[in-house]
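**Q** Got target_21.pdb for you, PDB, C-alpha atoms, pLDDT in the B column:
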ATOM      1  CA  MET A   1      32.641   1.753  12.098  1.00 50.00           C
ATOM      2  CA  GLY A   2      31.915   0.472  15.598  1.00 58.00           C
ATOM      3  CA  ARG A   3      32.711  -2.852  17.158  1.00 62.00           C
ATOM      4  CA  ARG A   4      31.161  -5.814  15.373  1.00 68.00           C
ATOM      5  CA  LEU A   5      29.062  -8.164  17.438  1.00 63.00           C
ATOM      6  CA  GLY A   6      28.429 -11.693  16.285  1.00 80.00           C
ATOM      7  CA  SER A   7      25.455 -13.590  17.640  1.00 88.00           C
ATOM      8  CA  VAL A   8      23.225 -16.286  16.220  1.00 92.00           C
ATOM      9  CA  VAL A   9      19.481 -15.795  16.627  1.00 93.00           C
ATOM     10  CA  ARG A  10      16.584 -17.985  15.614  1.00 96.00           C
ATOM     11  CA  VAL A  11      13.441 -16.890  13.770  1.00 96.00           C
ATOM     12  CA  SER A  12      10.367 -17.972  15.750  1.00 97.00           C
ATOM     13  CA  ARG A  13       7.166 -19.442  14.299  1.00 97.00           C
ATOM     14  CA  LYS A  14       5.774 -15.900  14.399  1.00 97.00           C
ATOM     15  CA  HIS A  15       8.796 -14.703  12.388  1.00 96.00           C
ATOM     16  CA  GLN A  16      10.226 -12.848  15.372  1.00 96.00           C
ATOM     17  CA  VAL A  17      13.837 -12.576  16.483  1.00 95.00           C
ATOM     18  CA  VAL A  18      15.296 -11.555  19.817  1.00 95.00           C
ATOM     19  CA  VAL A  19      17.908  -8.802  19.629  1.00 94.00           C
ATOM     20  CA  PRO A  20      20.791 -10.007  21.822  1.00 93.00           C
ATOM     21  CA  ARG A  21      21.490  -8.034  24.992  1.00 94.00           C
ATOM     22  CA  GLU A  22      24.922  -6.933  23.770  1.00 91.00           C
ATOM     23  CA  ALA A  23      23.391  -5.470  20.603  1.00 92.00           C
ATOM     24  CA  ARG A  24      20.556  -3.753  22.525  1.00 93.00           C
ATOM     25  CA  GLU A  25      23.062  -2.196  24.898  1.00 93.00           C
ATOM     26  CA  ALA A  26      25.356  -1.105  22.065  1.00 91.00           C
ATOM     27  CA  LEU A  27      22.410   0.543  20.287  1.00 90.00           C
ATOM     28  CA  GLY A  28      20.868   1.928  23.460  1.00 93.00           C
ATOM     29  CA  VAL A  29      17.461   0.420  22.728  1.00 94.00           C
ATOM     30  CA  GLY A  30      14.971  -1.254  24.994  1.00 94.00           C
ATOM     31  CA  ALA A  31      11.435  -2.598  25.138  1.00 95.00           C
ATOM     32  CA  GLY A  32       9.036  -0.532  23.054  1.00 94.00           C
ATOM     33  CA  ASP A  33      11.744   1.214  21.010  1.00 94.00           C
ATOM     34  CA  GLU A  34      11.398   1.015  17.243  1.00 93.00           C
ATOM     35  CA  LEU A  35      14.087  -0.231  14.868  1.00 94.00           C
ATOM     36  CA  VAL A  36      14.379   0.458  11.148  1.00 92.00           C
ATOM     37  CA  VAL A  37      14.987  -2.808   9.278  1.00 94.00           C
ATOM     38  CA  GLU A  38      16.793  -2.711   5.931  1.00 94.00           C
ATOM     39  CA  VAL A  39      17.924  -5.498   3.631  1.00 95.00           C
ATOM     40  CA  GLU A  40      21.155  -4.707   1.831  1.00 92.00           C
ATOM     41  CA  ASN A  41      23.313  -7.073  -0.201  1.00 94.00           C
ATOM     42  CA  GLY A  42      21.780 -10.145   1.400  1.00 94.00           C
ATOM     43  CA  ARG A  43      22.151  -8.760   4.933  1.00 92.00           C
ATOM     44  CA  VAL A  44      19.607  -7.505   7.421  1.00 92.00           C
ATOM     45  CA  LEU A  45      20.477  -4.231   9.099  1.00 92.00           C
ATOM     46  CA  MET A  46      18.568  -3.017  12.150  1.00 92.00           C
ATOM     47  CA  LYS A  47      19.146   0.445  13.538  1.00 90.00           C
ATOM     48  CA  PRO A  48      17.246   2.648  15.972  1.00 92.00           C
ATOM     49  CA  LYS A  49      14.490   4.690  14.360  1.00 89.00           C
ATOM     50  CA  PRO A  50      15.471   8.354  14.435  1.00 81.00           C
ATOM     51  CA  ARG A  51      13.371  10.358  16.871  1.00 78.00           C
ATOM     52  CA  ASN A  52      13.273  13.236  14.387  1.00 76.00           C
ATOM     53  CA  TYR A  53      13.709  12.444  10.682  1.00 68.00           C
ATOM     54  CA  SER A  54      14.182  16.103   9.752  1.00 74.00           C
ATOM     55  CA  LYS A  55      17.185  16.423  12.047  1.00 71.00           C
ATOM     56  CA  HIS A  56      18.444  12.998  10.955  1.00 63.00           C
ATOM     57  CA  MET A  57      18.348  13.965   7.261  1.00 69.00           C
ATOM     58  CA  LEU A  58      19.789  17.460   7.755  1.00 70.00           C
ATOM     59  CA  GLY A  59      23.041  17.801   5.882  1.00 72.00           C
ATOM     60  CA  LEU A  60      23.017  14.373   4.228  1.00 71.00           C
ATOM     61  CA  HIS A  61      24.580  14.407   0.770  1.00 75.00           C
ATOM     62  CA  LYS A  62      25.347  18.114   0.953  1.00 76.00           C
ATOM     63  CA  SER A  63      28.477  17.463  -1.089  1.00 80.00           C
ATOM     64  CA  VAL A  64      26.220  16.552  -4.031  1.00 77.00           C
ATOM     65  CA  TRP A  65      24.742  20.054  -3.970  1.00 77.00           C
ATOM     66  CA  LYS A  66      28.038  21.877  -3.587  1.00 82.00           C
ATOM     67  CA  GLY A  67      28.225  24.668  -6.176  1.00 86.00           C
ATOM     68  CA  VAL A  68      24.597  24.178  -7.305  1.00 85.00           C
ATOM     69  CA  LYS A  69      22.292  27.171  -7.090  1.00 87.00           C
ATOM     70  CA  THR A  70      19.315  25.419  -5.528  1.00 84.00           C
ATOM     71  CA  GLU A  71      16.690  28.037  -6.403  1.00 88.00           C
ATOM     72  CA  SER A  72      17.670  27.884 -10.069  1.00 90.00           C
ATOM     73  CA  TYR A  73      17.727  24.082  -9.990  1.00 89.00           C
ATOM     74  CA  VAL A  74      14.253  23.847  -8.422  1.00 91.00           C
ATOM     75  CA  ARG A  75      12.859  26.399 -10.890  1.00 93.00           C
ATOM     76  CA  THR A  76      14.231  24.392 -13.834  1.00 92.00           C
ATOM     77  CA  GLU A  77      12.773  21.149 -12.447  1.00 93.00           C
ATOM     78  CA  ARG A  78       9.341  22.703 -11.906  1.00 94.00           C
ATOM     79  CA  GLU A  79       9.308  24.040 -15.462  1.00 92.00           C
ATOM     80  CA  ALA A  80      10.188  20.555 -16.769  1.00 93.00           C
ATOM     81  CA  TRP A  81       7.348  19.034 -14.725  1.00 92.00           C
ATOM     82  CA  LYS A  82       4.881  21.593 -16.125  1.00 88.00           C
ATOM     83  CA  LYS A  83       5.982  20.782 -19.690  1.00 83.00           C
ATOM     84  CA  GLU A  84       5.678  17.047 -19.029  1.00 81.00           C
ATOM     85  CA  THR A  85       2.210  17.265 -17.493  1.00 82.00           C
ATOM     86  CA  SER A  86       0.913  19.664 -20.178  1.00 80.00           C
ATOM     87  CA  SER A  87       2.091  17.323 -22.960  1.00 78.00           C
ATOM     88  CA  ARG A  88       0.085  14.466 -21.427  1.00 73.00           C
ATOM     89  CA  ALA A  89      -3.149  16.477 -21.384  1.00 65.00           C
TER      90      ALA A  89
END
Once more with this new file: its structure as structure tokens, please.
**A**
Amino acid sequence: MGRRLGSVVRVSRKHQVVVPREAREALGVGAGDELVVEVENGRVLMKPKPRNYSKHMLGLHKSVWKGVKTESYVRTEREAWKKETSSRA
């Protein structure tokens, strides 16, 4: 994990906050850039929005799929969906 920066910011009447210069520089963001805001365990996390989500997601959680035959898995899931939807009709 990178260096932790600690700054206090104030929420304006319009519910806006200013990202401190040190944080902007560390993230490489500037005016007009978009940040993804997440709330996790009572904390707010802001990170630069990926320019390409497909590339960003590529390879995530590949360890979960290790040893799984994906074509067989997808086929089984699709069959389960068909059974579920046909039973509702």
**Q** Can you give me, as a ChimeraX atom specification, the residues this file yields under the PyMOL selection byres ((chain A and resi 36) around 6)?
**A** /A:35,37,46-47,49
**Q** Write out as a list of chain:residue names which residues come within 10 Å of Val18 of chain A when counting only C-alpha atoms, dropping same-chain ones fewer than 6 positions away.
**A**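 Near neighbours after the sequence-gap exclusion: A:Val8, A:Val9, A:Arg10, A:Val11, A:Ser12, A:Arg24.
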**Q** Please indicate the distance in Å from atom CA of Glu84 of chain A to atom CA of His61 of chain A, rounded to one decimal place.
**A**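 According to the coordinates, atom CA of Glu84 of chain A and atom CA of His61 of chain A are separated by 27.5 Å.
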**Q** Excluding Leu27 of chain A and any residue of its chain fewer than 2 positions from it, enumerate the residues within 12 Å of it, using all atoms listed in the file, and give them as a PyMOL selection string.
**A** chain A and resi 2-5+19-25+29-30+33-35+46-50
